[in-house]
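This report concerns only the one structure given below.
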Amino acid sequence: MSKRSRRKGRVGNSACAGDTEGFLGFDRSTFAEFQDNGSLVVLSSTAAEGIEATPHGPLPDQLAWFTARLRSGQSLIVQDASDLPPEALGEADYFQKTGLHSHLTIPFRIGGQVIGAIAFASFRETRSWPDDLIARIKLVGEVFAHAIARKREQEKLTAALSEIKLLKDRFERENIYLRHAVEINRPQGLTSHSPGFRAVIEEVAQVAQTNSTVLLQGETGSGKEVLAQAIHDASARNTRPMVKVNCAALPASLIESELFGREKGAFTGALARQPGRFEIADGSTIFLDEVGELPLELQPKLLRVLQEGEFERLGGSKTIKVDARIIAATNRRLEQAVRDGRFREDLFYRLNVFPIEVPPLRERREDIPLLSWTFVKEFSNSMGKPVDEIADESMSALQAYHWPGNIRELRNIIERAMILNQGSTLSIKLAHTVLRPVAVSAMAGSLDEAERTIILQALKQCNWRIRGATGAAALLDVKPTTLEIPDQEARAASVTMTFSASCVVVELAHRNSDFPGKVD
């Protein structure tokens, strides 16, 4: 018997029940298991020819007395329907409808807890249930119980290992990303003295609490990435790092595998499966910088992620679902890119759910002292150079400059000045032509006169030199050919020049005695 029982423990429930039914000579045998909610679910049932097996699934509600008795650990021994107590109305009706004559159900336990039962039924004749038969059935039930317990423990272990592997893979992906990501200190808060930028901060605070897509638009270096980080930090997803992707920095041939991942062998050199940035950002935020540079052929795939939250890895066919919030940024006008056919219109509308216009630094000059001191403190700590003040003339020069590179340029200039600085007062040398502003002594009169004055004073300031690092063209951030005038034109009554950098027309009059006949 023990050898036979060990063999049963290694096969499926249905095979075991059927083998027991044939061995003991019953018409039907059934195996059921208790679930966490207390219901008794039939897992397997076999029956002799002409007898209907017990349907798989939960037992019907009419057998509530039967289920409660087994849950309490009591066996049910019925030689005929008359053995049923008066409260077993549903069970008596079941006997009558199915033609059941005799029934035996033995519950089995593991660790003192009833986990299931094995039942045997006779439809062709009324049977007695002698004690030695019940003892043998209980032995079979114990074998079943231990086999089921081992199976359930194995299932729990497999599920736990799968979850551990999933978490391990996620942590590895995040660690790889964090090791390679260039991150600055996370912003602790956004402050500003500029009314325009305060409005931006208010918009950031409002949209951060949602999962809506955000489109940050502004010039290069205006702080779009800092705003994206602030949105993420103030959101419910801030327990995981924000994933950053610069669409303009990735080659077109690699951007798809970088964003969406790749399978092993997807292309030459793809020696292993690699998850993409969207997989890493599952449950977090992904920041797509310079999204306007995304190749046109990849834009439908990004659109699908925005719409459905799903994609396939490069070289794969399995659909991957992700829950990633998208914050996009661009220094281009996407509306114009749509008109030019370089950006999909449907993708633009998907990204443009909550657009935020980031003002350039020249439109928030009130913040230049605040930003300057922020960078001074940063470099003071990293370089070990304490600075107590910024020279007044240096701060005036910073506020007068037009900042084509915005906050990034300001940070670079402060870093350069900190490297060169020797004392507690930070002095920014205005000899650096990128920084040096044009000092305009008089701005009265018409716009044309003011523009003419700016160019003349720039030429004087540079000793009438146009080309080179110290020339007027570099100072005004225009092409040298814009300021160059041949001899015969310089001697004419008037000369008209197009000042392309500021899109204005400036007239230089020959009657101005300071204007020479030839410029370098």
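Just so we're on the same page: first chain in the structure tokens is A, next is B, and so on; residues restart at 1 for each chain, and ligands are numbered from 1 in the order they show up.
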
Can you pull out the residues contacting A:Val322? Cut-off 6 Å, using only C-alpha atoms, and skip same-chain residues under 2 positions away; I want them as a PDB file with all heavy atoms, in the first residue's frame.
ATOM      1  N   ASP A 282       9.079  52.534 -15.783  1.00  0.00           N
ATOM      2  CA  ASP A 282       7.763  52.001 -15.406  1.00  0.00           C
ATOM      3  C   ASP A 282       7.460  52.355 -13.952  1.00  0.00           C
ATOM      4  O   ASP A 282       8.234  52.046 -13.049  1.00  0.00           O
ATOM      5  CB  ASP A 282       7.750  50.484 -15.586  1.00  0.00           C
ATOM      6  CG  ASP A 282       6.368  49.885 -15.381  1.00  0.00           C
ATOM      7  OD1 ASP A 282       5.384  50.633 -15.512  1.00  0.00           O
ATOM      8  OD2 ASP A 282       6.280  48.688 -15.085  1.00  0.00           O
ATOM      9  N   GLY A 309       0.216  52.927 -23.785  1.00  0.00           N
ATOM     10  CA  GLY A 309       1.146  52.509 -22.745  1.00  0.00           C
ATOM     11  C   GLY A 309       1.805  51.178 -23.042  1.00  0.00           C
ATOM     12  O   GLY A 309       2.157  50.435 -22.121  1.00  0.00           O
ATOM     13  N   ALA A 324       4.361  54.920 -17.403  1.00  0.00           N
ATOM     14  CA  ALA A 324       5.385  55.959 -17.270  1.00  0.00           C
ATOM     15  C   ALA A 324       4.790  57.312 -17.631  1.00  0.00           C
ATOM     16  O   ALA A 324       4.161  57.453 -18.681  1.00  0.00           O
ATOM     17  CB  ALA A 324       6.586  55.648 -18.165  1.00  0.00           C
TER      18      ALA A 324
END

Long-range neighbours of A:Ser396 as number ranges by chain, 10 Å cut-off, only C-alpha atoms, 4 positions minimum in chain = A: 369, 391-392, 400-401, 437

key: Straight-line distance linking atom CA of A:Thr285 with atom CA of A:Ile326, stated in Å to one decimal   =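 Atom CA of A:Thr285 sits 6.0 Å away from atom CA of A:Ile326.
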
message = So that I can see what lies close to A:Ser372, please list as number ranges by chain the residues with an atom at most 12 Å from it, counting only C-alpha atoms and leaving out residues fewer than 5 positions away in the same chain.
response = A: 361, 365-367, 377-380, 387, 389-391, 394-396, 398-399, 407-415, 417-418, 426, 428

Selection to disk with C-alpha atoms, as a JSON list (two decimals), in the first residue's frame:
[["chain", "number", "residue", "atom", "x", "y", "z"],
["A", 361, "LEU", "CA", 16.99, 84.56, -18.73],
["A", 365, "ARG", "CA", 16.77, 89.66, -15.11],
["A", 366, "GLU", "CA", 15.44, 90.00, -11.56],
["A", 367, "ASP", "CA", 16.63, 86.43, -10.97],
["A", 377, "LYS", "CA", 27.73, 78.72, -3.35],
["A", 378, "GLU", "CA", 27.80, 75.49, -5.38],
["A", 379, "PHE", "CA", 31.31, 76.09, -6.71],
["A", 380, "SER", "CA", 32.50, 77.58, -3.44],
["A", 387, "VAL", "CA", 33.21, 84.09, -1.49],
["A", 389, "GLU", "CA", 30.43, 89.17, -2.22],
["A", 390, "ILE", "CA", 30.25, 89.71, -5.96],
["A", 391, "ALA", "CA", 31.80, 92.92, -7.24],
["A", 394, "SER", "CA", 30.51, 92.43, -12.26],
["A", 395, "MET", "CA", 26.87, 92.10, -11.16],
["A", 396, "SER", "CA", 25.94, 95.10, -13.30],
["A", 398, "LEU", "CA", 25.79, 90.22, -15.67],
["A", 399, "GLN", "CA", 22.46, 92.03, -15.58],
["A", 407, "ILE", "CA", 21.10, 79.91, -17.29],
["A", 408, "ARG", "CA", 23.59, 77.35, -18.60],
["A", 409, "GLU", "CA", 25.81, 80.14, -19.89],
["A", 410, "LEU", "CA", 25.50, 82.00, -16.58],
["A", 411, "ARG", "CA", 26.58, 78.90, -14.68],
["A", 412, "ASN", "CA", 29.58, 78.40, -16.96],
["A", 413, "ILE", "CA", 30.64, 82.03, -16.55],
["A", 414, "ILE", "CA", 30.37, 81.81, -12.75],
["A", 415, "GLU", "CA", 32.38, 78.57, -12.78],
["A", 417, "ALA", "CA", 35.21, 83.23, -12.59],
["A", 418, "MET", "CA", 35.42, 81.00, -9.50],
["A", 426, "LEU", "CA", 34.23, 87.50, -6.86],
["A", 428, "ILE", "CA", 34.12, 88.67, -13.32]]

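From atom CA of A:Glu293 back to atom CA of A:Arg198, the distance works out to 29.0 Å.
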
message = Nearest residue to A:Pro359 out of A:Gly111, A:Asn406, A:Phe144, A:Asp477, using only C-alpha atoms?
response =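 Under the stated criterion, the closest residue is A:Asn406.
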
task = Give me the residues within 12 Å of A:Thr98 as a PyMOL selection string, counting only C-alpha atoms and dropping any in the same chain fewer than 6 places off.
result = chain A and resi 51-54+81+91-92+121-124

task = Tell me, as JSON, numbers by chain, which residues lie within 9 Å of A:Gly38, counting only C-alpha atoms; anything in the same chain fewer than 3 positions away does not count.
result = {"A": [34, 35, 67, 71]}

request  = Per DSSP on the backbone, filter stretch 209-443 of chain A down to the residues in alpha helix (DSSP H) and report them as an NGL selection string.
outcome  = :A and (224-233 or 255-260 or 277-280 or 299-308 or 334-339 or 345-351 or 368-383 or 392-400 or 406-420)

Same residues, C-alpha atoms, output as a PDB file, in the first residue's frame:
ATOM      1  CA  LYS A 224      13.627  72.995 -18.727  1.00  0.00           C
ATOM      2  CA  GLU A 225      15.310  69.971 -17.153  1.00  0.00           C
ATOM      3  CA  VAL A 226      15.234  71.570 -13.695  1.00  0.00           C
ATOM      4  CA  LEU A 227      11.501  72.179 -14.094  1.00  0.00           C
ATOM      5  CA  ALA A 228      10.965  68.583 -15.231  1.00  0.00           C
ATOM      6  CA  GLN A 229      12.807  67.339 -12.141  1.00  0.00           C
ATOM      7  CA  ALA A 230      10.707  69.637  -9.943  1.00  0.00           C
ATOM      8  CA  ILE A 231       7.497  68.232 -11.465  1.00  0.00           C
ATOM      9  CA  HIS A 232       8.669  64.682 -10.793  1.00  0.00           C
ATOM     10  CA  ASP A 233       9.816  65.459  -7.231  1.00  0.00           C
ATOM     11  CA  ILE A 255      17.599  55.692 -30.404  1.00  0.00           C
ATOM     12  CA  GLU A 256      14.921  53.013 -30.878  1.00  0.00           C
ATOM     13  CA  SER A 257      16.813  50.386 -28.866  1.00  0.00           C
ATOM     14  CA  GLU A 258      17.685  53.020 -26.246  1.00  0.00           C
ATOM     15  CA  LEU A 259      14.068  54.059 -25.749  1.00  0.00           C
ATOM     16  CA  PHE A 260      12.254  50.750 -26.229  1.00  0.00           C
ATOM     17  CA  ARG A 277      14.370  53.594 -20.933  1.00  0.00           C
ATOM     18  CA  PHE A 278      10.585  53.238 -20.962  1.00  0.00           C
ATOM     19  CA  GLU A 279      10.853  49.902 -19.119  1.00  0.00           C
ATOM     20  CA  ILE A 280      13.198  51.474 -16.571  1.00  0.00           C
ATOM     21  CA  GLN A 299       7.331  58.998 -33.762  1.00  0.00           C
ATOM     22  CA  PRO A 300       4.460  56.472 -34.310  1.00  0.00           C
ATOM     23  CA  LYS A 301       6.032  54.190 -31.698  1.00  0.00           C
ATOM     24  CA  LEU A 302       6.189  57.034 -29.176  1.00  0.00           C
ATOM     25  CA  LEU A 303       2.599  57.920 -30.042  1.00  0.00           C
ATOM     26  CA  ARG A 304       1.536  54.350 -29.249  1.00  0.00           C
ATOM     27  CA  VAL A 305       3.228  54.519 -25.838  1.00  0.00           C
ATOM     28  CA  LEU A 306       1.384  57.761 -25.129  1.00  0.00           C
ATOM     29  CA  GLN A 307      -1.966  56.342 -26.235  1.00  0.00           C
ATOM     30  CA  GLU A 308      -1.819  52.709 -25.113  1.00  0.00           C
ATOM     31  CA  LEU A 334       6.775  72.074 -32.844  1.00  0.00           C
ATOM     32  CA  GLU A 335       3.852  73.784 -34.588  1.00  0.00           C
ATOM     33  CA  GLN A 336       6.238  74.892 -37.331  1.00  0.00           C
ATOM     34  CA  ALA A 337       7.826  71.432 -37.437  1.00  0.00           C
ATOM     35  CA  VAL A 338       4.352  69.985 -37.992  1.00  0.00           C
ATOM     36  CA  ARG A 339       3.741  72.406 -40.875  1.00  0.00           C
ATOM     37  CA  GLU A 345       0.514  66.333 -35.910  1.00  0.00           C
ATOM     38  CA  ASP A 346      -1.176  63.622 -33.805  1.00  0.00           C
ATOM     39  CA  LEU A 347       1.968  63.200 -31.689  1.00  0.00           C
ATOM     40  CA  PHE A 348       2.165  66.950 -31.172  1.00  0.00           C
ATOM     41  CA  TYR A 349      -1.373  67.073 -29.801  1.00  0.00           C
ATOM     42  CA  ARG A 350      -0.636  64.112 -27.524  1.00  0.00           C
ATOM     43  CA  LEU A 351       2.420  65.882 -26.104  1.00  0.00           C
ATOM     44  CA  ILE A 368      20.227  86.938 -12.151  1.00  0.00           C
ATOM     45  CA  PRO A 369      21.577  87.878  -8.666  1.00  0.00           C
ATOM     46  CA  LEU A 370      19.690  84.943  -7.085  1.00  0.00           C
ATOM     47  CA  LEU A 371      20.959  82.460  -9.689  1.00  0.00           C
ATOM     48  CA  SER A 372      24.475  83.879  -9.544  1.00  0.00           C
ATOM     49  CA  TRP A 373      24.698  83.362  -5.801  1.00  0.00           C
ATOM     50  CA  THR A 374      23.260  79.846  -6.151  1.00  0.00           C
ATOM     51  CA  PHE A 375      26.092  78.918  -8.511  1.00  0.00           C
ATOM     52  CA  VAL A 376      28.693  80.772  -6.429  1.00  0.00           C
ATOM     53  CA  LYS A 377      27.735  78.725  -3.354  1.00  0.00           C
ATOM     54  CA  GLU A 378      27.799  75.491  -5.380  1.00  0.00           C
ATOM     55  CA  PHE A 379      31.309  76.093  -6.713  1.00  0.00           C
ATOM     56  CA  SER A 380      32.499  77.582  -3.443  1.00  0.00           C
ATOM     57  CA  ASN A 381      31.706  74.303  -1.692  1.00  0.00           C
ATOM     58  CA  SER A 382      33.174  72.101  -4.425  1.00  0.00           C
ATOM     59  CA  MET A 383      36.338  74.182  -4.921  1.00  0.00           C
ATOM     60  CA  ASP A 392      29.172  95.554  -8.084  1.00  0.00           C
ATOM     61  CA  GLU A 393      30.539  96.171 -11.567  1.00  0.00           C
ATOM     62  CA  SER A 394      30.506  92.432 -12.257  1.00  0.00           C
ATOM     63  CA  MET A 395      26.872  92.100 -11.158  1.00  0.00           C
ATOM     64  CA  SER A 396      25.939  95.104 -13.299  1.00  0.00           C
ATOM     65  CA  ALA A 397      27.644  93.493 -16.270  1.00  0.00           C
ATOM     66  CA  LEU A 398      25.786  90.217 -15.670  1.00  0.00           C
ATOM     67  CA  GLN A 399      22.457  92.031 -15.581  1.00  0.00           C
ATOM     68  CA  ALA A 400      23.242  94.031 -18.733  1.00  0.00           C
ATOM     69  CA  ASN A 406      20.563  81.501 -20.713  1.00  0.00           C
ATOM     70  CA  ILE A 407      21.098  79.905 -17.288  1.00  0.00           C
ATOM     71  CA  ARG A 408      23.589  77.351 -18.595  1.00  0.00           C
ATOM     72  CA  GLU A 409      25.810  80.141 -19.894  1.00  0.00           C
ATOM     73  CA  LEU A 410      25.498  82.001 -16.575  1.00  0.00           C
ATOM     74  CA  ARG A 411      26.582  78.897 -14.682  1.00  0.00           C
ATOM     75  CA  ASN A 412      29.578  78.399 -16.961  1.00  0.00           C
ATOM     76  CA  ILE A 413      30.641  82.027 -16.546  1.00  0.00           C
ATOM     77  CA  ILE A 414      30.372  81.810 -12.753  1.00  0.00           C
ATOM     78  CA  GLU A 415      32.382  78.570 -12.782  1.00  0.00           C
ATOM     79  CA  ARG A 416      35.132  80.185 -14.879  1.00  0.00           C
ATOM     80  CA  ALA A 417      35.214  83.228 -12.591  1.00  0.00           C
ATOM     81  CA  MET A 418      35.425  81.002  -9.496  1.00  0.00           C
ATOM     82  CA  ILE A 419      38.369  79.113 -10.982  1.00  0.00           C
ATOM     83  CA  LEU A 420      40.244  82.373 -11.590  1.00  0.00           C
TER      84      LEU A 420
END

Enumerate, as a compact mmCIF listing (two decimals) with N, CA, C and O atoms, in the first residue's frame, the complete set of residues in stretch 17-163 of chain A that a backbone-based DSSP assignment places in strand (DSSP E).
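What follows is the written file out05.txt:
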# COMPACT_ATOMS: atom_id res chain seq x y z
N ARG A 28 -17.93 6.87 -8.18
CA ARG A 28 -17.36 8.20 -8.45
C ARG A 28 -16.45 8.62 -7.30
O ARG A 28 -16.76 8.35 -6.13
N SER A 29 -15.33 9.21 -7.65
CA SER A 29 -14.44 9.78 -6.63
C SER A 29 -14.14 11.23 -7.00
O SER A 29 -14.02 11.57 -8.17
N THR A 30 -14.06 12.06 -5.96
CA THR A 30 -13.89 13.51 -6.18
C THR A 30 -12.87 14.06 -5.21
O THR A 30 -12.86 13.65 -4.02
N PHE A 31 -12.06 14.97 -5.70
CA PHE A 31 -11.07 15.64 -4.85
C PHE A 31 -11.37 17.14 -4.88
O PHE A 31 -11.55 17.73 -5.94
N ALA A 32 -11.46 17.76 -3.67
CA ALA A 32 -11.76 19.19 -3.57
C ALA A 32 -10.81 19.85 -2.58
O ALA A 32 -10.28 19.19 -1.67
N GLU A 33 -10.62 21.18 -2.75
CA GLU A 33 -9.69 21.92 -1.91
C GLU A 33 -10.36 23.20 -1.41
O GLU A 33 -11.09 23.86 -2.14
N PHE A 34 -10.12 23.53 -0.14
CA PHE A 34 -10.65 24.77 0.43
C PHE A 34 -9.80 25.96 -0.04
O PHE A 34 -8.56 25.90 -0.06
N LEU A 40 -15.32 25.61 -1.06
CA LEU A 40 -14.77 24.31 -1.39
C LEU A 40 -14.85 24.13 -2.90
O LEU A 40 -15.94 24.16 -3.48
N VAL A 41 -13.68 23.98 -3.54
CA VAL A 41 -13.60 23.95 -4.99
C VAL A 41 -13.17 22.57 -5.46
O VAL A 41 -12.17 22.02 -4.97
N VAL A 42 -13.93 21.99 -6.39
CA VAL A 42 -13.61 20.67 -6.95
C VAL A 42 -12.48 20.83 -7.94
O VAL A 42 -12.58 21.59 -8.91
N LEU A 43 -11.37 20.11 -7.70
CA LEU A 43 -10.22 20.17 -8.60
C LEU A 43 -10.21 19.01 -9.58
O LEU A 43 -9.72 19.15 -10.70
N SER A 44 -10.73 17.86 -9.17
CA SER A 44 -10.75 16.71 -10.08
C SER A 44 -11.87 15.76 -9.66
O SER A 44 -12.25 15.71 -8.48
N SER A 45 -12.37 15.04 -10.65
CA SER A 45 -13.42 14.05 -10.37
C SER A 45 -13.43 13.03 -11.50
O SER A 45 -13.33 13.39 -12.67
N THR A 46 -13.52 11.78 -11.14
CA THR A 46 -13.63 10.71 -12.13
C THR A 46 -14.83 9.83 -11.77
O THR A 46 -15.21 9.73 -10.60
N ALA A 47 -15.43 9.22 -12.77
CA ALA A 47 -16.64 8.40 -12.53
C ALA A 47 -16.63 7.19 -13.45
O ALA A 47 -15.99 7.18 -14.51
N GLY A 57 -14.93 23.24 -10.08
CA GLY A 57 -15.27 24.58 -9.60
C GLY A 57 -15.91 24.54 -8.24
O GLY A 57 -16.00 23.47 -7.59
N PRO A 58 -16.38 25.68 -7.72
CA PRO A 58 -16.98 25.74 -6.38
C PRO A 58 -18.25 24.89 -6.30
O PRO A 58 -19.03 24.81 -7.25
N LEU A 76 -18.16 12.91 6.64
CA LEU A 76 -19.58 12.73 6.30
C LEU A 76 -19.75 11.29 5.79
O LEU A 76 -19.22 10.93 4.75
N ILE A 77 -20.47 10.50 6.59
CA ILE A 77 -20.68 9.09 6.26
C ILE A 77 -22.19 8.89 6.09
O ILE A 77 -22.96 8.97 7.05
N VAL A 78 -22.63 8.64 4.86
CA VAL A 78 -24.06 8.50 4.55
C VAL A 78 -24.26 7.17 3.83
O VAL A 78 -23.77 6.99 2.70
N SER A 102 -25.23 6.20 -1.68
CA SER A 102 -24.34 6.24 -0.51
C SER A 102 -23.19 7.20 -0.80
O SER A 102 -22.76 7.35 -1.95
N HIS A 103 -22.69 7.81 0.31
CA HIS A 103 -21.66 8.84 0.12
C HIS A 103 -20.72 8.84 1.32
O HIS A 103 -21.15 8.70 2.47
N LEU A 104 -19.42 9.03 1.03
CA LEU A 104 -18.40 9.12 2.08
C LEU A 104 -17.44 10.25 1.72
O LEU A 104 -16.88 10.25 0.61
N THR A 105 -17.25 11.20 2.64
CA THR A 105 -16.29 12.28 2.44
C THR A 105 -15.39 12.38 3.66
O THR A 105 -15.87 12.45 4.79
N ILE A 106 -14.07 12.36 3.41
CA ILE A 106 -13.07 12.43 4.47
C ILE A 106 -12.28 13.73 4.31
O ILE A 106 -11.62 13.91 3.27
N PRO A 107 -12.31 14.66 5.29
CA PRO A 107 -11.44 15.84 5.21
C PRO A 107 -10.01 15.47 5.57
O PRO A 107 -9.78 14.50 6.30
N PHE A 108 -9.06 16.20 5.06
CA PHE A 108 -7.67 15.96 5.45
C PHE A 108 -7.01 17.27 5.83
O PHE A 108 -7.35 18.35 5.34
N ARG A 109 -6.05 17.14 6.77
CA ARG A 109 -5.41 18.29 7.38
C ARG A 109 -3.91 18.31 7.11
O ARG A 109 -3.29 17.27 6.92
N ILE A 110 -3.38 19.53 7.17
CA ILE A 110 -1.93 19.75 7.18
C ILE A 110 -1.65 20.76 8.27
O ILE A 110 -2.19 21.88 8.25
N GLN A 113 -4.74 22.19 10.06
CA GLN A 113 -5.69 22.98 9.27
C GLN A 113 -6.28 22.12 8.18
O GLN A 113 -5.57 21.41 7.46
N VAL A 114 -7.63 22.16 8.06
CA VAL A 114 -8.31 21.40 7.01
C VAL A 114 -8.05 22.11 5.68
O VAL A 114 -8.37 23.29 5.51
N ILE A 115 -7.45 21.38 4.73
CA ILE A 115 -7.13 22.00 3.45
C ILE A 115 -7.97 21.45 2.31
O ILE A 115 -7.99 22.03 1.21
N GLY A 116 -8.65 20.32 2.51
CA GLY A 116 -9.45 19.76 1.43
C GLY A 116 -10.15 18.48 1.87
O GLY A 116 -10.19 18.15 3.06
N ALA A 117 -10.70 17.76 0.90
CA ALA A 117 -11.42 16.53 1.21
C ALA A 117 -11.42 15.62 -0.01
O ALA A 117 -11.29 16.07 -1.14
N ILE A 118 -11.58 14.33 0.26
CA ILE A 118 -11.74 13.35 -0.80
C ILE A 118 -13.08 12.64 -0.56
O ILE A 118 -13.42 12.30 0.57
N ALA A 119 -13.84 12.49 -1.65
CA ALA A 119 -15.21 11.95 -1.53
C ALA A 119 -15.40 10.77 -2.47
O ALA A 119 -14.82 10.75 -3.57
N PHE A 120 -16.21 9.82 -2.01
CA PHE A 120 -16.54 8.64 -2.82
C PHE A 120 -18.06 8.46 -2.80
O PHE A 120 -18.71 8.67 -1.77
N ALA A 121 -18.62 8.06 -3.93
CA ALA A 121 -20.07 7.96 -4.05
C ALA A 121 -20.45 6.65 -4.75
O ALA A 121 -19.72 6.15 -5.60
N SER A 122 -21.63 6.15 -4.36
CA SER A 122 -22.18 4.94 -4.97
C SER A 122 -23.57 5.27 -5.51
O SER A 122 -24.44 5.72 -4.75

task = With a distance cut-off of 10 Å and only C-alpha atoms, select the neighbouring residues of A:Pro360, excluding the residue or stretch itself and same-chain residues fewer than 4 positions from it, and output the selection as a ChimeraX atom specification.
result = /A:197,218-223,364-365,402-407

Based on the selection just made, write all heavy atoms of those residues as a compact mmCIF listing (two decimals), in the first residue's frame.
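Dumped to part33.txt:
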# COMPACT_ATOMS: atom_id res chain seq x y z
N PHE A 197 8.25 84.16 -14.25
CA PHE A 197 8.69 82.82 -13.84
C PHE A 197 7.89 82.32 -12.63
O PHE A 197 7.75 81.12 -12.44
CB PHE A 197 10.18 82.82 -13.52
CG PHE A 197 10.78 81.45 -13.51
CD1 PHE A 197 10.93 80.74 -14.69
CD2 PHE A 197 11.19 80.86 -12.32
CE1 PHE A 197 11.48 79.46 -14.68
CE2 PHE A 197 11.73 79.59 -12.31
CZ PHE A 197 11.88 78.88 -13.50
N GLY A 218 11.06 76.17 -24.54
CA GLY A 218 11.91 77.31 -24.18
C GLY A 218 13.27 77.17 -24.83
O GLY A 218 13.63 76.13 -25.38
N GLU A 219 14.05 78.24 -24.76
CA GLU A 219 15.36 78.25 -25.39
C GLU A 219 16.32 77.29 -24.69
O GLU A 219 16.10 76.87 -23.55
CB GLU A 219 15.94 79.67 -25.36
CG GLU A 219 15.14 80.68 -26.16
CD GLU A 219 15.74 82.07 -26.09
OE1 GLU A 219 16.84 82.21 -25.51
OE2 GLU A 219 15.12 83.02 -26.61
N THR A 220 17.40 76.96 -25.37
CA THR A 220 18.43 76.10 -24.80
C THR A 220 19.01 76.74 -23.54
O THR A 220 19.34 77.92 -23.54
CB THR A 220 19.55 75.86 -25.82
OG1 THR A 220 19.00 75.17 -26.94
CG2 THR A 220 20.66 75.02 -25.22
N GLY A 221 19.13 75.94 -22.48
CA GLY A 221 19.73 76.43 -21.25
C GLY A 221 18.82 77.24 -20.37
O GLY A 221 19.27 77.82 -19.38
N SER A 222 17.52 77.26 -20.64
CA SER A 222 16.60 78.10 -19.86
C SER A 222 16.07 77.41 -18.61
O SER A 222 15.30 78.00 -17.86
CB SER A 222 15.43 78.56 -20.74
OG SER A 222 14.74 77.44 -21.29
N GLY A 223 16.45 76.15 -18.38
CA GLY A 223 16.05 75.47 -17.15
C GLY A 223 14.93 74.47 -17.30
O GLY A 223 14.25 74.14 -16.32
N ARG A 364 13.92 87.57 -17.40
CA ARG A 364 13.79 87.45 -15.94
C ARG A 364 15.08 87.91 -15.26
O ARG A 364 15.68 87.19 -14.47
CB ARG A 364 13.44 86.02 -15.55
CG ARG A 364 14.21 84.95 -16.28
CD ARG A 364 13.81 83.56 -15.92
NE ARG A 364 14.09 83.20 -14.55
CZ ARG A 364 14.42 81.97 -14.14
NH1 ARG A 364 14.50 80.99 -15.00
NH2 ARG A 364 14.65 81.73 -12.88
N ARG A 365 15.51 89.11 -15.63
CA ARG A 365 16.77 89.66 -15.11
C ARG A 365 16.73 89.82 -13.60
O ARG A 365 17.78 89.87 -12.95
CB ARG A 365 17.08 90.98 -15.79
CG ARG A 365 17.33 90.86 -17.29
CD ARG A 365 17.72 92.18 -17.93
NE ARG A 365 17.85 92.05 -19.37
CZ ARG A 365 18.95 91.63 -19.99
NH1 ARG A 365 20.01 91.30 -19.28
NH2 ARG A 365 18.99 91.52 -21.31
N HIS A 402 22.88 90.04 -22.61
CA HIS A 402 21.62 89.53 -23.18
C HIS A 402 21.46 88.02 -23.10
O HIS A 402 20.42 87.49 -23.46
CB HIS A 402 21.50 89.97 -24.65
CG HIS A 402 22.55 89.42 -25.55
ND1 HIS A 402 23.85 89.87 -25.54
CD2 HIS A 402 22.51 88.45 -26.50
CE1 HIS A 402 24.56 89.20 -26.45
NE2 HIS A 402 23.77 88.34 -27.04
N TRP A 403 22.45 87.27 -22.66
CA TRP A 403 22.37 85.85 -22.31
C TRP A 403 21.77 84.96 -23.40
O TRP A 403 20.69 84.37 -23.21
CB TRP A 403 21.59 85.65 -21.01
CG TRP A 403 22.24 86.30 -19.84
CD1 TRP A 403 21.82 87.39 -19.16
CD2 TRP A 403 23.48 85.91 -19.23
NE1 TRP A 403 22.69 87.73 -18.18
CE2 TRP A 403 23.74 86.83 -18.18
CE3 TRP A 403 24.41 84.89 -19.46
CZ2 TRP A 403 24.86 86.76 -17.39
CZ3 TRP A 403 25.54 84.83 -18.67
CH2 TRP A 403 25.76 85.74 -17.64
N PRO A 404 22.44 84.82 -24.52
CA PRO A 404 21.94 83.88 -25.53
C PRO A 404 21.96 82.43 -25.06
O PRO A 404 21.19 81.60 -25.53
CB PRO A 404 22.88 84.10 -26.71
CG PRO A 404 24.13 84.67 -26.11
CD PRO A 404 23.68 85.50 -24.95
N GLY A 405 22.88 82.11 -24.12
CA GLY A 405 22.96 80.74 -23.59
C GLY A 405 22.15 80.53 -22.34
O GLY A 405 22.18 79.44 -21.75
N ASN A 406 21.46 81.58 -21.87
CA ASN A 406 20.56 81.50 -20.71
C ASN A 406 21.27 81.03 -19.44
O ASN A 406 22.43 81.36 -19.23
CB ASN A 406 19.37 80.61 -21.06
CG ASN A 406 18.46 81.27 -22.08
OD1 ASN A 406 17.83 82.27 -21.80
ND2 ASN A 406 18.42 80.71 -23.27
N ILE A 407 20.58 80.27 -18.61
CA ILE A 407 21.10 79.91 -17.29
C ILE A 407 22.34 79.03 -17.40
O ILE A 407 23.27 79.14 -16.59
CB ILE A 407 20.01 79.18 -16.47
CG1 ILE A 407 18.80 80.11 -16.29
CG2 ILE A 407 20.53 78.75 -15.11
CD1 ILE A 407 17.62 79.46 -15.63

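Of the residues under consideration (A:Ser284, A:Asn246, A:Thr330, A:Thr319), A:Thr330 shows the shortest atom-to-atom contact distance to A:Glu357 when counting only C-alpha atoms.
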